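K.L.:
Just input36.tsv, nothing more (TSV, C-alpha atoms):
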chain	number	residue	atom	x	y	z
A	1	ALA	CA	-6.82	10.36	-20.13
A	2	VAL	CA	-6.45	8.93	-23.62
A	3	PRO	CA	-9.29	10.11	-25.86
A	4	LEU	CA	-11.00	7.39	-27.88
A	5	LYS	CA	-11.20	7.62	-31.66
A	6	LYS	CA	-8.48	10.26	-31.78
A	7	ASN	CA	-5.78	10.12	-34.44
A	8	LEU	CA	-2.96	7.98	-33.05
A	9	PHE	CA	-0.36	10.57	-34.02
A	10	GLN	CA	-2.18	13.35	-32.16
A	11	ILE	CA	-1.73	11.58	-28.83
A	12	SER	CA	1.30	12.67	-26.79
A	13	LEU	CA	3.09	9.49	-25.70
A	14	SER	CA	5.11	11.34	-23.05
A	15	LYS	CA	1.93	12.84	-21.55
A	16	VAL	CA	0.26	9.43	-21.39
A	17	GLU	CA	3.42	8.00	-19.75
A	18	ARG	CA	3.51	10.83	-17.16
A	19	ASN	CA	-0.18	10.33	-16.31
A	20	ILE	CA	0.24	6.61	-15.78
A	21	ALA	CA	3.59	6.95	-13.96
A	22	GLY	CA	1.84	9.20	-11.42
A	23	LEU	CA	-0.31	6.31	-10.20
A	24	ASP	CA	0.82	4.87	-6.85
A	25	TRP	CA	1.26	1.24	-7.85
A	26	VAL	CA	3.13	1.96	-11.09
A	27	LYS	CA	6.82	1.19	-11.00
A	28	GLN	CA	7.57	1.60	-14.69
A	29	VAL	CA	5.56	2.41	-17.81
A	30	SER	CA	6.25	2.58	-21.52
A	31	VAL	CA	3.90	3.69	-24.26
A	32	ARG	CA	4.23	3.06	-28.02
A	33	ARG	CA	2.21	3.51	-31.13
A	34	GLN	CA	1.37	0.39	-33.08
A	35	VAL	CA	0.13	1.43	-36.48
A	36	PRO	CA	-2.50	1.71	-37.75
A	37	SER	CA	-4.68	2.26	-34.67
A	38	THR	CA	-3.27	0.83	-31.44
A	39	LEU	CA	-1.70	2.52	-28.46
A	40	TRP	CA	0.47	-0.05	-26.69
A	41	ILE	CA	0.89	0.55	-22.92
A	42	HIS	CA	3.15	-1.67	-20.83
A	43	VAL	CA	2.99	-1.23	-17.04
A	44	ARG	CA	5.14	-2.84	-14.34
A	45	GLU	CA	3.72	-2.52	-10.86
A	46	HIS	CA	5.51	-2.32	-7.53
A	47	ARG	CA	5.49	-5.65	-5.71
A	48	PRO	CA	5.01	-5.04	-1.99
A	49	GLN	CA	7.32	-6.88	0.39
A	50	ALA	CA	6.53	-5.13	3.65
A	51	LEU	CA	4.60	-2.38	5.33
A	52	LEU	CA	6.28	0.62	6.95
A	53	LEU	CA	4.69	2.23	10.00
A	54	ASP	CA	5.65	5.90	9.83
A	55	GLU	CA	2.70	7.83	11.29
A	56	ARG	CA	0.54	5.55	9.09
A	57	LEU	CA	1.07	2.32	7.16
A	58	HIS	CA	2.74	2.42	3.73
A	59	PHE	CA	3.56	-0.31	1.24
A	60	VAL	CA	7.28	-0.97	0.63
A	61	SER	CA	8.45	-2.53	-2.64
A	62	GLU	CA	11.13	-5.20	-3.00
A	63	GLU	CA	13.55	-2.38	-3.96
A	64	GLY	CA	12.86	-0.52	-0.70
A	65	VAL	CA	10.65	2.13	-2.28
A	66	VAL	CA	7.84	3.42	-0.07
A	67	PHE	CA	5.21	3.79	-2.77
A	68	LYS	CA	1.71	4.07	-1.31
A	69	ALA	CA	-0.15	4.66	1.92
A	70	VAL	CA	-2.31	1.68	2.86
A	71	THR	CA	-6.00	2.45	2.43
A	72	LYS	CA	-8.60	-0.15	1.50
A	73	GLU	CA	-6.33	-2.69	-0.22
A	74	LEU	CA	-7.33	-6.27	0.42
A	75	ASN	CA	-3.82	-7.71	0.68
A	76	ARG	CA	-2.08	-6.20	3.70
A	77	ASP	CA	-0.54	-9.41	4.98
A	78	PHE	CA	3.11	-8.30	5.03
A	79	PRO	CA	5.70	-7.89	7.79
A	80	VAL	CA	5.56	-4.45	9.40
A	81	ILE	CA	8.74	-2.39	9.68
A	82	THR	CA	8.72	-0.10	12.71
A	83	GLY	CA	11.24	2.36	14.12
A	84	LEU	CA	12.28	3.68	10.69
A	85	LYS	CA	10.96	6.58	8.62
A	86	LYS	CA	10.09	6.87	4.92
A	87	SER	CA	13.28	8.88	4.41
A	88	ASP	CA	15.49	6.13	5.96
A	89	SER	CA	17.10	3.34	3.99
A	90	LEU	CA	15.03	0.18	4.33
A	91	ASP	CA	17.67	-2.06	2.72
A	92	GLU	CA	18.74	-3.82	5.92
A	93	ALA	CA	15.15	-4.55	6.98
A	94	LEU	CA	14.40	-5.97	3.52
A	95	LYS	CA	17.54	-8.14	3.67
A	96	ILE	CA	16.23	-9.61	6.91
A	97	ILE	CA	12.90	-10.40	5.23
A	98	HIS	CA	14.68	-12.09	2.30
A	99	PHE	CA	16.97	-14.12	4.59
A	100	LEU	CA	14.01	-15.35	6.60
A	101	ARG	CA	11.97	-16.22	3.50
A	102	ASP	CA	14.78	-18.58	2.48
A	103	PHE	CA	14.64	-20.14	5.95
A	104	SER	CA	11.82	-22.68	5.48
A	105	ASP	CA	11.57	-23.64	9.18
A	106	PHE	CA	10.84	-20.02	10.05
A	107	GLU	CA	7.64	-20.13	7.98
A	108	LEU	CA	6.02	-22.10	10.81
A	109	PHE	CA	6.23	-19.04	13.05
A	110	GLY	CA	5.84	-16.29	10.47
A	111	LEU	CA	7.29	-12.81	10.52
A	112	SER	CA	5.10	-10.18	12.12
A	113	GLU	CA	7.42	-7.23	12.65
A	114	ILE	CA	10.93	-5.96	12.08
A	115	HIS	CA	11.75	-3.25	14.60
A	116	TYR	CA	14.70	-0.88	14.51
A	117	ASN	CA	15.99	1.02	17.52
A	118	GLU	CA	18.98	3.37	17.25
A	119	ILE	CA	20.53	1.95	20.40
A	120	THR	CA	19.77	-1.78	20.20
A	121	GLY	CA	19.50	-2.23	16.43
A	122	PHE	CA	17.17	-4.69	14.72
A	123	SER	CA	14.82	-7.21	16.28
A	124	ILE	CA	12.13	-9.37	14.75
A	125	VAL	CA	8.85	-10.55	16.21
A	126	THR	CA	7.23	-13.80	15.10
A	127	LEU	CA	3.51	-14.24	14.50
A	128	MET	CA	3.29	-17.46	16.50
A	129	GLY	CA	4.31	-17.31	20.10
A	130	PRO	CA	4.96	-14.42	19.75
A	131	MET	CA	8.72	-14.48	20.11
A	132	GLU	CA	11.24	-11.62	19.89
A	133	ILE	CA	14.58	-12.30	18.22
A	134	ARG	CA	17.19	-9.59	18.77
A	135	LEU	CA	19.74	-9.18	15.98
A	136	GLY	CA	21.50	-5.97	16.94
A	137	ARG	CA	23.14	-3.51	14.55
A	138	GLU	CA	25.96	-5.43	12.86
A	139	ASN	CA	26.63	-8.75	11.10
A	140	ILE	CA	22.92	-9.42	10.59
A	141	ALA	CA	23.48	-12.10	7.94
A	142	SER	CA	25.84	-14.13	10.15
A	143	LYS	CA	23.41	-13.82	13.07
A	144	ILE	CA	20.57	-15.21	10.97
A	145	ILE	CA	22.82	-18.11	9.96
A	146	ARG	CA	23.47	-18.67	13.68
A	147	LEU	CA	19.70	-18.48	14.28
A	148	LYS	CA	19.22	-21.35	11.82
A	149	LYS	CA	21.64	-23.50	13.85
A	150	ILE	CA	19.96	-22.59	17.15
A	151	TRP	CA	16.53	-23.24	15.62
A	152	ASP	CA	17.47	-26.87	14.90
A	153	GLY	CA	18.51	-27.37	18.53
A	154	LEU	CA	15.23	-26.00	19.88
A	155	GLU	CA	13.02	-28.26	17.78
A	156	ASN	CA	11.04	-29.81	20.67
A	157	ARG	CA	10.95	-26.69	22.86
A	158	PHE	CA	9.49	-24.05	20.53
A	159	SER	CA	6.33	-23.58	22.58
A	160	ARG	CA	8.42	-22.53	25.61
A	161	VAL	CA	10.76	-20.10	23.83
A	162	ARG	CA	9.88	-16.44	24.48
A	163	GLY	CA	12.90	-14.82	22.89
A	164	ILE	CA	16.36	-15.23	21.40
A	165	ASP	CA	19.11	-12.64	21.77
A	166	LEU	CA	21.76	-12.86	19.04
A	167	ASP	CA	23.31	-9.44	19.67
A	168	TYR	CA	26.66	-11.03	20.55
A	169	ASP	CA	29.51	-12.11	18.30
A	170	ASP	CA	30.09	-15.54	19.78
A	171	ARG	CA	26.96	-16.57	21.69
A	172	ALA	CA	23.21	-16.42	21.87
A	173	PHE	CA	20.76	-16.35	24.76
A	174	VAL	CA	17.46	-18.19	24.60
A	175	LYS	CA	14.72	-16.99	26.94
A	176	LEU	CA	12.30	-19.72	28.01
Represent the supplied structure as structure tokens.

P.N.:
Amino acid sequence: AVPLKKNLFQISLSKVERNIAGLDWVKQVSVRRQVPSTLWIHVREHRPQALLLDERLHFVSEEGVVFKAVTKELNRDFPVITGLKKSDSLDEALKIIHFLRDFSDFELFGLSEIHYNEITGFSIVTLMGPMEIRLGRENIASKIIRLKKIWDGLENRFSRVRGIDLDYDDRAFVKL
């Protein structure tokens, strides 16, 4: 809502910032005057990392901010977080996504879903297979490190694996 051909000094920078900041995809905005006749607007957008299913699908940024309900956007190819609400902290689910992105072998199977259950904790579901990997509630990072070791040992048997349960401190169970 910036009028064209209006005197640069008659435009309220704070009003322009508020208008732009109210847009769903906008993470941060700054507006400046550049004399003699330019209004400089710098916008940083949210970068989606996941989708949250809480009654409907919402985009989740890399900072864990639920910023927009999914409508007609073309790019919706993100892992889906289920079992949590918009008001919950999504930090742990996003940590799982980041750990698995660094795990190059896991790319072969892809991440379809991260599910949270109050009783059993976190589990992930792969795209290929599909396969469920139970992580539990605690020591998620160490369990994903253990998953990397198990993954190497299963190299020739991936097509038979139906699930992996890592919700134990000192062992894992592989379901064939």

K.L.:
If we count only C-alpha atoms, what is near A:Lys5 at a cut-off of 12 Å, once residues fewer than 3 positions away on the same chain are taken out, given as number ranges by chain?

P.N.:
A: 2, 8-11, 37-39

K.L.:
Compare A:Met128, A:Val161, A:Val65, A:Ile41 by their minimum atom-to-atom distance to A:Phe106, counting all atoms listed in the file, and give me the closest one.

P.N.:
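Of A:Met128, A:Val161, A:Val65, A:Ile41, the one nearest A:Phe106 is A:Met128, counting all atoms listed in the file.
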
K.L.:
Quick one: of A:His98, A:Asp165, A:Val43, A:Leu74, who's nearest to A:Gln28, counting only C-alpha atoms?

P.N.:
A:Val43

K.L.:
Do you know which residues are at most 12 Å from stretch 87-94 of chain A counting only C-alpha atoms, after dropping those on the same chain fewer than 3 positions away, and could you put them as an MDAnalysis selection string?

P.N.:
chainID A and resid 48:54 59:67 78:84 97:101 111 113:117 121:124 135:141

K.L.:
Between A:Thr120, A:Asp77, A:Thr71, A:Lys149, which residue has the minimum interatomic distance to A:Phe103, considering only C-alpha atoms?

P.N.:
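Of the candidates, the smallest distance to A:Phe103 is held by A:Lys149.
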
K.L.:
Could you tell me how far atom CA of A:His46 lies from atom CA of A:Val26, in Å and to one decimal?

P.N.:
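Distance reported for this atom pair: 6.1 Å.
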
K.L.:
Neighbouring residues of A:Ile133 were defined as those with any atom within 10 Å, considering all atoms listed in the file; residues of the same chain fewer than 6 positions away were excluded. Please report them as a VMD selection string.

P.N.:
chain A and resid 114 122 to 126 144 147 162 to 167 173 to 175

K.L.:
Keeping only C-alpha atoms, write those residues as a PDB file, in the coordinates of the input.

P.N.:
ATOM      1  CA  ILE A 114      10.930  -5.960  12.080  1.00  0.00           C
ATOM      2  CA  PHE A 122      17.170  -4.690  14.720  1.00  0.00           C
ATOM      3  CA  SER A 123      14.820  -7.210  16.280  1.00  0.00           C
ATOM      4  CA  ILE A 124      12.130  -9.370  14.750  1.00  0.00           C
ATOM      5  CA  VAL A 125       8.850 -10.550  16.210  1.00  0.00           C
ATOM      6  CA  THR A 126       7.230 -13.800  15.100  1.00  0.00           C
ATOM      7  CA  ILE A 144      20.570 -15.210  10.970  1.00  0.00           C
ATOM      8  CA  LEU A 147      19.700 -18.480  14.280  1.00  0.00           C
ATOM      9  CA  ARG A 162       9.880 -16.440  24.480  1.00  0.00           C
ATOM     10  CA  GLY A 163      12.900 -14.820  22.890  1.00  0.00           C
ATOM     11  CA  ILE A 164      16.360 -15.230  21.400  1.00  0.00           C
ATOM     12  CA  ASP A 165      19.110 -12.640  21.770  1.00  0.00           C
ATOM     13  CA  LEU A 166      21.760 -12.860  19.040  1.00  0.00           C
ATOM     14  CA  ASP A 167      23.310  -9.440  19.670  1.00  0.00           C
ATOM     15  CA  PHE A 173      20.760 -16.350  24.760  1.00  0.00           C
ATOM     16  CA  VAL A 174      17.460 -18.190  24.600  1.00  0.00           C
ATOM     17  CA  LYS A 175      14.720 -16.990  26.940  1.00  0.00           C
TER      18      LYS A 175
END

K.L.:
Using Å and a single decimal, report how far atom CA of A:Glu118 sits from atom CA of A:Lys85.

P.N.:
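These two atoms are separated by 12.2 Å.
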
K.L.:
Pull out stretch 131-149 of chain A, keep N, CA, C and O atoms, and write it as a PDB file, in the first residue's frame.

P.N.:
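As a result, result.pdb now contains:
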ATOM      1  N   MET A 131       9.175 -47.629   6.299  1.00  0.00           N
ATOM      2  CA  MET A 131       9.772 -48.228   7.486  1.00  0.00           C
ATOM      3  C   MET A 131       9.584 -47.262   8.653  1.00  0.00           C
ATOM      4  O   MET A 131       9.756 -46.059   8.502  1.00  0.00           O
ATOM      5  N   GLU A 132       9.209 -47.808   9.821  1.00  0.00           N
ATOM      6  CA  GLU A 132       9.083 -46.976  11.021  1.00  0.00           C
ATOM      7  C   GLU A 132      10.321 -47.163  11.880  1.00  0.00           C
ATOM      8  O   GLU A 132      10.758 -48.289  12.126  1.00  0.00           O
ATOM      9  N   ILE A 133      10.879 -46.047  12.329  1.00  0.00           N
ATOM     10  CA  ILE A 133      12.042 -46.073  13.211  1.00  0.00           C
ATOM     11  C   ILE A 133      11.641 -45.367  14.502  1.00  0.00           C
ATOM     12  O   ILE A 133      11.364 -44.173  14.493  1.00  0.00           O
ATOM     13  N   ARG A 134      11.593 -46.130  15.597  1.00  0.00           N
ATOM     14  CA  ARG A 134      11.187 -45.575  16.889  1.00  0.00           C
ATOM     15  C   ARG A 134      12.406 -45.038  17.627  1.00  0.00           C
ATOM     16  O   ARG A 134      13.396 -45.737  17.797  1.00  0.00           O
ATOM     17  N   LEU A 135      12.285 -43.784  18.074  1.00  0.00           N
ATOM     18  CA  LEU A 135      13.391 -43.124  18.768  1.00  0.00           C
ATOM     19  C   LEU A 135      13.120 -42.899  20.251  1.00  0.00           C
ATOM     20  O   LEU A 135      14.051 -42.682  21.018  1.00  0.00           O
ATOM     21  N   GLY A 136      11.874 -42.912  20.647  1.00  0.00           N
ATOM     22  CA  GLY A 136      11.542 -42.698  22.051  1.00  0.00           C
ATOM     23  C   GLY A 136      11.534 -41.228  22.435  1.00  0.00           C
ATOM     24  O   GLY A 136      11.389 -40.342  21.597  1.00  0.00           O
ATOM     25  N   ARG A 137      11.718 -40.971  23.737  1.00  0.00           N
ATOM     26  CA  ARG A 137      11.592 -39.617  24.269  1.00  0.00           C
ATOM     27  C   ARG A 137      12.921 -38.960  24.632  1.00  0.00           C
ATOM     28  O   ARG A 137      13.002 -37.751  24.721  1.00  0.00           O
ATOM     29  N   GLU A 138      13.949 -39.753  24.878  1.00  0.00           N
ATOM     30  CA  GLU A 138      15.209 -39.194  25.389  1.00  0.00           C
ATOM     31  C   GLU A 138      16.389 -39.614  24.533  1.00  0.00           C
ATOM     32  O   GLU A 138      16.342 -40.606  23.819  1.00  0.00           O
ATOM     33  N   ASN A 139      17.472 -38.839  24.648  1.00  0.00           N
ATOM     34  CA  ASN A 139      18.747 -39.148  23.975  1.00  0.00           C
ATOM     35  C   ASN A 139      18.578 -39.376  22.471  1.00  0.00           C
ATOM     36  O   ASN A 139      19.153 -40.301  21.905  1.00  0.00           O
ATOM     37  N   ILE A 140      17.797 -38.525  21.836  1.00  0.00           N
ATOM     38  CA  ILE A 140      17.496 -38.681  20.410  1.00  0.00           C
ATOM     39  C   ILE A 140      18.776 -38.637  19.568  1.00  0.00           C
ATOM     40  O   ILE A 140      18.969 -39.455  18.678  1.00  0.00           O
ATOM     41  N   ALA A 141      19.661 -37.699  19.864  1.00  0.00           N
ATOM     42  CA  ALA A 141      20.889 -37.553  19.074  1.00  0.00           C
ATOM     43  C   ALA A 141      21.727 -38.826  19.133  1.00  0.00           C
ATOM     44  O   ALA A 141      22.212 -39.306  18.098  1.00  0.00           O
ATOM     45  N   SER A 142      21.893 -39.399  20.314  1.00  0.00           N
ATOM     46  CA  SER A 142      22.705 -40.624  20.423  1.00  0.00           C
ATOM     47  C   SER A 142      22.018 -41.798  19.728  1.00  0.00           C
ATOM     48  O   SER A 142      22.685 -42.673  19.175  1.00  0.00           O
ATOM     49  N   LYS A 143      20.698 -41.808  19.709  1.00  0.00           N
ATOM     50  CA  LYS A 143      19.977 -42.890  19.020  1.00  0.00           C
ATOM     51  C   LYS A 143      20.129 -42.769  17.513  1.00  0.00           C
ATOM     52  O   LYS A 143      20.225 -43.773  16.812  1.00  0.00           O
ATOM     53  N   ILE A 144      20.176 -41.561  17.004  1.00  0.00           N
ATOM     54  CA  ILE A 144      20.379 -41.395  15.560  1.00  0.00           C
ATOM     55  C   ILE A 144      21.806 -41.778  15.182  1.00  0.00           C
ATOM     56  O   ILE A 144      22.034 -42.378  14.130  1.00  0.00           O
ATOM     57  N   ILE A 145      22.758 -41.509  16.057  1.00  0.00           N
ATOM     58  CA  ILE A 145      24.139 -41.967  15.820  1.00  0.00           C
ATOM     59  C   ILE A 145      24.172 -43.498  15.793  1.00  0.00           C
ATOM     60  O   ILE A 145      24.820 -44.103  14.936  1.00  0.00           O
ATOM     61  N   ARG A 146      23.434 -44.115  16.713  1.00  0.00           N
ATOM     62  CA  ARG A 146      23.342 -45.585  16.726  1.00  0.00           C
ATOM     63  C   ARG A 146      22.661 -46.089  15.461  1.00  0.00           C
ATOM     64  O   ARG A 146      23.041 -47.122  14.907  1.00  0.00           O
ATOM     65  N   LEU A 147      21.645 -45.353  14.988  1.00  0.00           N
ATOM     66  CA  LEU A 147      20.961 -45.725  13.745  1.00  0.00           C
ATOM     67  C   LEU A 147      21.946 -45.748  12.584  1.00  0.00           C
ATOM     68  O   LEU A 147      21.899 -46.645  11.747  1.00  0.00           O
ATOM     69  N   LYS A 148      22.860 -44.798  12.536  1.00  0.00           N
ATOM     70  CA  LYS A 148      23.859 -44.763  11.462  1.00  0.00           C
ATOM     71  C   LYS A 148      24.711 -46.027  11.464  1.00  0.00           C
ATOM     72  O   LYS A 148      25.013 -46.586  10.419  1.00  0.00           O
ATOM     73  N   LYS A 149      25.076 -46.492  12.665  1.00  0.00           N
ATOM     74  CA  LYS A 149      25.878 -47.727  12.763  1.00  0.00           C
ATOM     75  C   LYS A 149      25.070 -48.942  12.318  1.00  0.00           C
ATOM     76  O   LYS A 149      25.571 -49.815  11.611  1.00  0.00           O
TER      77      LYS A 149
END
